[in-house]
Amino acid sequence: MSKPHRAMLFAFAACAAAVTAAASSHAATDPNPVGSPKVASSQDGKYFDAAGNPTYNISPSGKVDWYTFSGYRRFNGTCETCHGFDGSGSSFAPDLTQSLKTIGYDDFQKIVINGKQSVNTAESLVMPSFGDNKNVMCYLDDIYVYLRARADGALGGGRPASNEAKPKTAIANENDCMGP
């Protein structure tokens, strides 16, 4: 890997870290927790579970938080090409509504950033690295919370009917990450 490519990858990783900085004060005791999406805390419209992982917040009326809505838009703009509409899988890639039942936030990040290969005599599955794609990295948490809501059955398929307003923090983070 060339030095400029490494520097760019590092910059995008730093950008993703900045987007998730709010979660840093909610450090997980288990490095790869899977489980309860129950909201334990929130900060500037972003919700976290008891382990400090980003999670969704859906009101009884079906209104989703901004980040879940943003995740829907980002996922279906980039990831659905292979993983199918709403993450339901295709002949190219697995059903993420099932995968997120067994992998946690840390593994999700690693797979998206670094890619994944599963090649054997029966199949050849290769997910490319998205570590240098701003349209994914700047919204990695959003994509995760959207898929988590789908995996938990808390959010059905299709566009959410309504969503919270975009928080000012989300606007600032987006501008910083997508920047020049």
# chains A, B, ... in the order shown; residues from 1 in each chain; ligands from 1
$ residues_around --residues "A:Phe85" --least-positions-apart "4" --cutoff "9 Å" --atoms "only C-alpha atoms" --output "list in words"
Phe75, Asn76, Cys79, Glu80, Thr81, Gly89, Ser90, Gly157 and Gly158 of chain A
$ residues_around --residues "stretch 57-69 of chain A" --least-positions-apart "6" --cutoff "9 Å" --atoms "only C-alpha atoms" --output "list in words"
Pro37, Lys38, Val39, Gly45, Lys46, Tyr47, Tyr139, Asp141, Asp142, Ile143, Tyr144, Val145, Tyr146, Leu147, Ala149, Ala154, Leu155, Arg159, Pro160, Ala161, Ser162, Asn163, Glu164, Ala165, Lys166, Pro167 and Ala170 of chain A
$ write_last_selection --atoms "N, CA and C atoms" --output "PDB file, in the first residue's frame"
ATOM      1  N   PRO A  37     -30.819  -3.591  22.482  1.00  0.00           N
ATOM      2  CA  PRO A  37     -30.745  -2.275  21.867  1.00  0.00           C
ATOM      3  C   PRO A  37     -31.308  -1.189  22.771  1.00  0.00           C
ATOM      4  N   LYS A  38     -31.732  -1.564  23.977  1.00  0.00           N
ATOM      5  CA  LYS A  38     -32.362  -0.603  24.865  1.00  0.00           C
ATOM      6  C   LYS A  38     -31.477   0.625  25.040  1.00  0.00           C
ATOM      7  N   VAL A  39     -32.081   1.773  24.887  1.00  0.00           N
ATOM      8  CA  VAL A  39     -31.360   3.030  25.017  1.00  0.00           C
ATOM      9  C   VAL A  39     -30.985   3.247  26.477  1.00  0.00           C
ATOM     10  N   GLY A  45     -29.022  13.802  20.141  1.00  0.00           N
ATOM     11  CA  GLY A  45     -29.845  13.056  19.201  1.00  0.00           C
ATOM     12  C   GLY A  45     -29.305  11.700  18.813  1.00  0.00           C
ATOM     13  N   LYS A  46     -28.174  11.299  19.391  1.00  0.00           N
ATOM     14  CA  LYS A  46     -27.580   9.993  19.117  1.00  0.00           C
ATOM     15  C   LYS A  46     -27.795   9.126  20.352  1.00  0.00           C
ATOM     16  N   TYR A  47     -28.177   7.879  20.143  1.00  0.00           N
ATOM     17  CA  TYR A  47     -28.545   7.003  21.250  1.00  0.00           C
ATOM     18  C   TYR A  47     -27.519   5.884  21.416  1.00  0.00           C
ATOM     19  N   TYR A 139     -20.749   7.829   7.674  1.00  0.00           N
ATOM     20  CA  TYR A 139     -22.080   7.435   8.140  1.00  0.00           C
ATOM     21  C   TYR A 139     -22.094   6.005   8.679  1.00  0.00           C
ATOM     22  N   ASP A 141     -21.821   4.682  11.705  1.00  0.00           N
ATOM     23  CA  ASP A 141     -22.723   4.457  12.835  1.00  0.00           C
ATOM     24  C   ASP A 141     -24.180   4.476  12.392  1.00  0.00           C
ATOM     25  N   ASP A 142     -24.506   5.368  11.478  1.00  0.00           N
ATOM     26  CA  ASP A 142     -25.885   5.473  10.990  1.00  0.00           C
ATOM     27  C   ASP A 142     -26.302   4.155  10.325  1.00  0.00           C
ATOM     28  N   ILE A 143     -25.431   3.631   9.493  1.00  0.00           N
ATOM     29  CA  ILE A 143     -25.723   2.367   8.806  1.00  0.00           C
ATOM     30  C   ILE A 143     -25.888   1.251   9.831  1.00  0.00           C
ATOM     31  N   TYR A 144     -25.015   1.247  10.830  1.00  0.00           N
ATOM     32  CA  TYR A 144     -25.088   0.216  11.868  1.00  0.00           C
ATOM     33  C   TYR A 144     -26.421   0.277  12.621  1.00  0.00           C
ATOM     34  N   VAL A 145     -26.840   1.470  13.068  1.00  0.00           N
ATOM     35  CA  VAL A 145     -28.081   1.536  13.849  1.00  0.00           C
ATOM     36  C   VAL A 145     -29.293   1.183  12.998  1.00  0.00           C
ATOM     37  N   TYR A 146     -29.274   1.555  11.734  1.00  0.00           N
ATOM     38  CA  TYR A 146     -30.363   1.169  10.835  1.00  0.00           C
ATOM     39  C   TYR A 146     -30.442  -0.357  10.717  1.00  0.00           C
ATOM     40  N   LEU A 147     -29.296  -0.993  10.452  1.00  0.00           N
ATOM     41  CA  LEU A 147     -29.293  -2.454  10.316  1.00  0.00           C
ATOM     42  C   LEU A 147     -29.621  -3.141  11.633  1.00  0.00           C
ATOM     43  N   ALA A 149     -31.666  -1.985  13.924  1.00  0.00           N
ATOM     44  CA  ALA A 149     -33.120  -1.890  14.074  1.00  0.00           C
ATOM     45  C   ALA A 149     -33.818  -2.920  13.188  1.00  0.00           C
ATOM     46  N   ALA A 154     -37.332  -4.241  15.015  1.00  0.00           N
ATOM     47  CA  ALA A 154     -37.947  -3.008  15.492  1.00  0.00           C
ATOM     48  C   ALA A 154     -38.347  -2.090  14.344  1.00  0.00           C
ATOM     49  N   LEU A 155     -37.767  -2.325  13.171  1.00  0.00           N
ATOM     50  CA  LEU A 155     -38.030  -1.488  12.003  1.00  0.00           C
ATOM     51  C   LEU A 155     -38.311  -2.384  10.817  1.00  0.00           C
ATOM     52  N   ARG A 159     -38.889   2.764   3.497  1.00  0.00           N
ATOM     53  CA  ARG A 159     -38.520   4.051   4.088  1.00  0.00           C
ATOM     54  C   ARG A 159     -39.312   4.274   5.374  1.00  0.00           C
ATOM     55  N   PRO A 160     -38.624   4.638   6.464  1.00  0.00           N
ATOM     56  CA  PRO A 160     -39.353   4.953   7.695  1.00  0.00           C
ATOM     57  C   PRO A 160     -40.355   6.074   7.437  1.00  0.00           C
ATOM     58  N   ALA A 161     -41.532   5.956   8.038  1.00  0.00           N
ATOM     59  CA  ALA A 161     -42.611   6.909   7.791  1.00  0.00           C
ATOM     60  C   ALA A 161     -42.280   8.319   8.248  1.00  0.00           C
ATOM     61  N   SER A 162     -41.598   8.444   9.371  1.00  0.00           N
ATOM     62  CA  SER A 162     -41.210   9.768   9.852  1.00  0.00           C
ATOM     63  C   SER A 162     -39.938   9.656  10.676  1.00  0.00           C
ATOM     64  N   ASN A 163     -39.255  10.787  10.801  1.00  0.00           N
ATOM     65  CA  ASN A 163     -37.993  10.787  11.538  1.00  0.00           C
ATOM     66  C   ASN A 163     -37.815  12.092  12.280  1.00  0.00           C
ATOM     67  N   GLU A 164     -36.950  12.027  13.309  1.00  0.00           N
ATOM     68  CA  GLU A 164     -36.587  13.230  14.051  1.00  0.00           C
ATOM     69  C   GLU A 164     -35.811  14.160  13.126  1.00  0.00           C
ATOM     70  N   ALA A 165     -35.755  15.415  13.486  1.00  0.00           N
ATOM     71  CA  ALA A 165     -34.973  16.401  12.721  1.00  0.00           C
ATOM     72  C   ALA A 165     -33.488  16.085  12.846  1.00  0.00           C
ATOM     73  N   LYS A 166     -32.739  16.518  11.862  1.00  0.00           N
ATOM     74  CA  LYS A 166     -31.300  16.305  11.865  1.00  0.00           C
ATOM     75  C   LYS A 166     -30.659  17.191  12.932  1.00  0.00           C
ATOM     76  N   PRO A 167     -29.957  16.573  13.887  1.00  0.00           N
ATOM     77  CA  PRO A 167     -29.316  17.374  14.945  1.00  0.00           C
ATOM     78  C   PRO A 167     -28.187  18.244  14.397  1.00  0.00           C
ATOM     79  N   ALA A 170     -24.975  16.448  14.047  1.00  0.00           N
ATOM     80  CA  ALA A 170     -24.867  15.611  12.846  1.00  0.00           C
ATOM     81  C   ALA A 170     -24.441  16.451  11.648  1.00  0.00           C
TER      82      ALA A 170
END
$ closest_residue --among "A:Ser91, A:Thr169, A:Asn53, A:Ser41" --to "A:Ser124" --atoms "only C-alpha atoms"
A:Ser91
$ select_by_dssp --residues "stretch 82-147 of chain A" --states "strand (DSSP E or B)" --output "PyMOL selection string"
chain A and resi 116-119+124-127
$ select_by_dssp --residues "stretch 50-148 of chain A" --states "helix (DSSP H, G or I)" --output "JSON, numbers by chain"
{"A": [66, 67, 68, 69, 70, 71, 72, 73, 74, 75, 76, 77, 78, 79, 80, 81, 82, 83, 85, 86, 87, 96, 97, 98, 99, 105, 106, 107, 108, 109, 110, 111, 112, 113, 114, 134, 135, 136, 137, 140, 141, 142, 143, 144, 145, 146, 147, 148]}
$ residues_around --residues "A:Ala93" --least-positions-apart "5" --cutoff "10 Å" --atoms "only C-alpha atoms" --output "ChimeraX atom specification"
/A:79-84,87-88,125-127
